[in-house]
Amino acid sequence: MLQTAFNGLVTGIIVTLPALAVTLLFGVLKFPNFAVGSMMTLAAYLVFALNVQLGWPLVISTAVVAVAFGGLLIAIDYVTFKPLRERGSITLMVASLGLGFVLENIARLAYGNTARSFAIELARPFRFLDIRMNREQMITIVVSTLAMLAMYFLLTRMPIGRAMRAVADNPALALVRGIESPRIIRWTWFIAGMLLAVGGVLIGMDRALEPPMGSSYLVAVFAAAILGGLGSPLGAFIGALVIGIVSELATLVIPPNYRIGIPLCVIALILIFRPQGLFGQPYIRK
Amino acid sequence: MKKLTRRKVLKRLGAAAALPIAAPFLNLAHAQGASIPIGVALPFTGNAGAYGPDMAEAAKRTAAKINSAGGILGGRKLELFIEDSESSASVAANLSQKFINVHKCQALVGYWGTPEGMSSRPIAVQNKVVLMVSSAANAITEGDTQGYVWRFQMKATDWGIVIGRAVQRLGFKNIGIMGLQNAFVLPIMKTVEDQMKTAGRTVTGSLIYNPEQPSYRAEVERIFGKKPEAVCCFGLLPDFVSIMKEVYRGGFDSKVIALSIMADAEGKFIEAVGPQVAEGIRHFQPMPDTSAPGYKKFLKLMGAPDDRVYLFPPNTHDQIAVVAMAMEKAKSPMAVDWSKQIIPVCNGPGQNIDDVVDALKLIRAGKPVNFSGAGSTCDFTPNGDQLGRGMGHWIIQGGKNVFVEYAKP
Amino acid sequence: MISFLILISTVVCFSAILALALNFQWGLGGMVNFGMAGLYALGTYSCALLMLKGGANTFFATLGAMAIVAAACGVIALVTLRVTEEDYFAIVTLGVGEMLRLVALNEDWLTKGALGLTGIPRPLGDVIAPEYYQYFLLGLSVALLAGTVWFLNVIARSPFGRIMRALREDDVVAATLGKHVLWARVRIFAIGGAIIGLAGSLHGFYYQYIDPTQFSNIVIAYAFMAVIAGGRGAHQGVIWGAAVVMVLLEGSRFMKDLIPVLDSDQLAAIRIIIIGIGLILLLVFRPQGFMREYRLQVNFK
Amino acid sequence: MSDILVIKELHAGYGEGDILKGIDITLPAGRVVTIIGPNGSGKSTLLKTLAGLLLARRGDIVLKEQSLRDLSPPRRVRAGLSYVPQEYNIFRNLTVLENLKIAREFMADRKMRGGTAISDELIELFPELPGKFKARAGNLSGGQRQMLAFACALTVHPEVLMLDEPSAGLSPKYMTDIFDTVKKVNARGVSVLMVEQNAIEALRISDTCVVMANGHVRLTALANQVLEMKDLHSLYLGDAKEEAVAS
């Protein structure tokens, strides 16, 4: 039982980074981005290129790709979403769906369908209170907690973070208070890009690297972001943990291959009882 | 990606250039000299994407060999139309329609996965065209196929029998079973389970998982958590890599028995998980009898080192060979005629031949032939199932596949 | 060659019907349905199972399938729309689509799981000789397509249609129209669902064999591509859109023969990349698609 | 005394029709101008267009000889034009202090970016705010929110301050406070352009009054003259005759 709960914690932790990215992007751009899954896949393959093909250590390749991927997303936004900025969230969502297909298949075009892995030594687990933990899971927990703290610090202490929250809170007022929204949107994409790159690597470490790896997490990531309250980073973190633990524990009751049903039920319940999620603010209509 | 030699590119360009121009005339000019079209549907993408390329290469070289030896039916050349079935049923069905209606093929070969075979079956039978698959699910050859559907692979249940016997021989008292939700995996799992029960061994747990799951932690925990002596795991490469990483890092030490299409896949599994995770994994796969002369000739045809084990390419080689021989014997490219000649050519009675060109010479000379190909002895039951196929049994040691035994059902 | 074109046009017909359903739900009703693949599968499986297990004839099985998918869409709309906006609607429909596909894959007692269902009977399948059947199926598909377009045009012109267009313009305005807004949207989504059920049944009749791999989310991309290429709201445009997408898809099979240098698996990836990029380019440069909405010039919010 | 803000022939609107059908207003430096008029006369639209939230279709907006026409809203703030919208004029999910800091942090090219401390000058103007620095802005009362919005607009030390019905929905106590603050701010050299519903209070502290009706300027007059007019009511409804004396 305890081991399943811990497994759930690990699954949840992996979901935190993409959930943070989704919440950040939703806050500022006001639409759920369906390309998040394939972005993680593409980032993971870029890290694979550096780590396995060029032989760089995983940590350095992840850092390099994280920064580069942030810039790449800015460029993609400029070409894809910027022209559609004023066109309502449905158009943006459909564009993000199209983008998702493009990114996933770029990875498939370059690396084919065979499963691959990063060049890291797999180690036997170490035991703690009869729970088995392995090195990758430890790294995952440390990395995502650090990411959460960095995000918290950024959003509360740093001007960029405050500005991002301001744009999310009231875009028109932000303009009139002197905030250059385009610049803030670029920063948001950059930070989301880093989160998604690291998220992609964590998934790649946990399981095999294959083109559909990112999109298989999509429903769980959205469930986490919605449970936490779209727009609230702390909510996304807590939401991800809850989704992870609940869906793993549920496998003791329902057959494991229906595990994807759990995030879906969570979304449905949230929408009925508390649409703004645990920490979100009621969605003000402009 | 395989490199295309200049000669081959020119040949394909030639064939390809001919298509759009020749297409409208193709079906009219069945006269002397026109080429005989054969449709080849293989998975180049989707979850079976890893197996298509080599199978296509085998088909191309076999056709080239037959053509360079003078072709069949008085010098007519075989022309292959190779398409990607994307491991999907609807794509395969569309392809089959295209082969039959556009390219006027009377023979559809390749068809690696069960979905592709199942969706193309009604189309082939309805249009009275021969369909040759290399998928394992029993349902492909069940029911009335009027002699148009032939399987160049072992039936799924036979896989289960061989593996079940091996498990008993290896002396495992209790085992866990987990498998991918897939048409050919389910019959294998069921047969292995039944075998264990009849042999009085206990099955500690059995579950099915989905393709492309975000994580397999729960499944590994439930099956390996009960610490059975061995776990049979049936599925495909992507899920097996994730599962074995989870098993190794979870500190589980049950022995693992799997299929070669997941634990080898032309070396891609070991490449993905590394030698120490793969250590001790046993894997089975229907394989050609590598000692058979037909297989040795096939290796030379492929220009591969003689210790190389091809799992599926020999099937497409045999398929093309059987099509050619049956047409030659029936002296007609129409499936209605040559489909009845498949059993005589393959099962005999007749002179035992393992080279398609020599066999064609004998057939032209009117002599009976019993062809045994690269993938198997090519003996068939009337409803299209293949007999005499054995399974190879390997164990991964030090990052290498060590051959253990060759077992027949 | 001709019979291949007939077969492809049949596929275009029921893909167009599917695109019309999406167009109706999204283009006119303002609700985006990302669960298209799952609902499409629900339609096909319901029709097939009603015939194979329920013994219904093809006509009633199709009606049954349409009713089942309409009910499913109604429930989804009721649960989601009562509370929130289209952002959540897209996510819920995506989740439901995934769930339906999983059920089709795993409930093998009902759907035979990955093995799929074979031998699906065809309308008048036993009456018409096999070699002429493809002409009949094409005729039936074209008739059903025309019927769907006529039905949707009737609705678009009716008062109900005007309410729908008001809903699409701006939810805030629509919300002020009071309670029956929810019921109007549930009905819209359910009608769309019925049309998906029809398309699903035709899919079953055409392929005669169905299995979960046929309903991947590429189906969603094609449907959206067709609707956007056709211009949201314009029925005729959507049919053109579906035809263009199908020709693009099937045509690229021939591309393989013309550019042999490309490996087939690279080609398949490139084809989906083209569809994805096409989707985005159409949204950016031709939001109103290639056809005007038949009467009024509507600018979207 | 030169004019600090000149609006020439301004046309603007949403969708097809024009709501502002050629507006000419000049704001003399250091003065307070109040715009009154019936609802829908385009008062708020005018302020939105000046702030840059709405694109001007024709005409020009000149602030100290610099045309703002093709400047983005943030650029206009830097040029010295600050705006307090009528509603949703604070960041509800940020704290009071964060609201105040926001405006200053992005004055990249203005020297007053230095130091995040809120100038004591502002604290003197808005004594209530320091006590609430940590509070979530959304939890403030109506009056406090208006004060905060006012303070935020001032943190950028604007030349011209535009207020959209600052007293709307406020209790009488806060209404007088607001108008006192406007007077104090004006005393410090900030010109004010104000749209107000309760004309009498506003005109008392204004120099000029502009009356707008369906997109046109009906009348420009000295505030005190307008105050004495008996049929202020009719004026207010926009069917005023042109007998008012030009300023």
# chains A, B, ... in the order shown; residues from 1 in each chain; ligands from 1
call {"tool": "interface_residues", "arguments": {"of": "chain D", "to": "chain C", "cutoff": "12 Å", "atoms": "only C-alpha atoms", "output": "PyMOL selection string"}}
result
chain D and resi 14-16
call {"tool": "closest_atom_pairs", "arguments": {"of": "stretch 103-122 of chain B", "to": "stretch 332-354 of chain B", "cutoff": "12 Å", "atoms": "only C-alpha atoms", "output": "Markdown table"}}
result
| residue | atom | partner | partner_atom | distance |
| --- | --- | --- | --- | --- |
| B:Lys104 | CA | B:Met334 | CA | 10.2 |
| B:Cys105 | CA | B:Met334 | CA | 9.1 |
| B:Gln106 | CA | B:Ala335 | CA | 5.5 |
| B:Ala107 | CA | B:Ala335 | CA | 7.1 |
| B:Leu108 | CA | B:Ala335 | CA | 10.4 |
call {"tool": "select_by_dssp", "arguments": {"residues": "stretch 122-359 of chain B", "states": "helix (DSSP H, G or I)", "output": "ChimeraX atom specification"}}
result
/B:122-126,138-141,156-169,185-198,217-224,237-249,260-263,268-273,275-278,293-302,313-330,335-347,356-359
call {"tool": "residues_around", "arguments": {"residues": "D:Gln66", "least_positions_apart": "4", "cutoff": "9 Å", "atoms": "only C-alpha atoms", "output": "list of chain:residue names"}}
result
D:Ile61, D:Val62, D:Ala79
call {"tool": "atom_distance", "arguments": {"atom1": "atom CA of A:Ala197", "atom2": "atom CA of A:Ala35"}}
result
13.0 Å
call {"tool": "residues_around", "arguments": {"residues": "A:Ala19", "least_positions_apart": "5", "cutoff": "6 Å", "atoms": "only C-alpha atoms", "output": "PyMOL selection string"}}
result
chain A and resi 221+225+236
call {"tool": "write_last_selection", "arguments": {"atoms": "C-alpha atoms", "output": "PDB file, in the first residue's frame"}}
result
ATOM      1  CA  VAL A 221      -1.553  17.252 -16.953  1.00  0.00           C
ATOM      2  CA  ALA A 225      -3.898  22.126 -13.776  1.00  0.00           C
ATOM      3  CA  ALA A 236      -0.974  23.043 -10.313  1.00  0.00           C
TER       4      ALA A 236
END
call {"tool": "closest_residue", "arguments": {"among": "A:Leu234, A:Val59, A:Leu218, A:Leu252", "to": "chain C", "atoms": "only C-alpha atoms"}}
result
A:Leu218
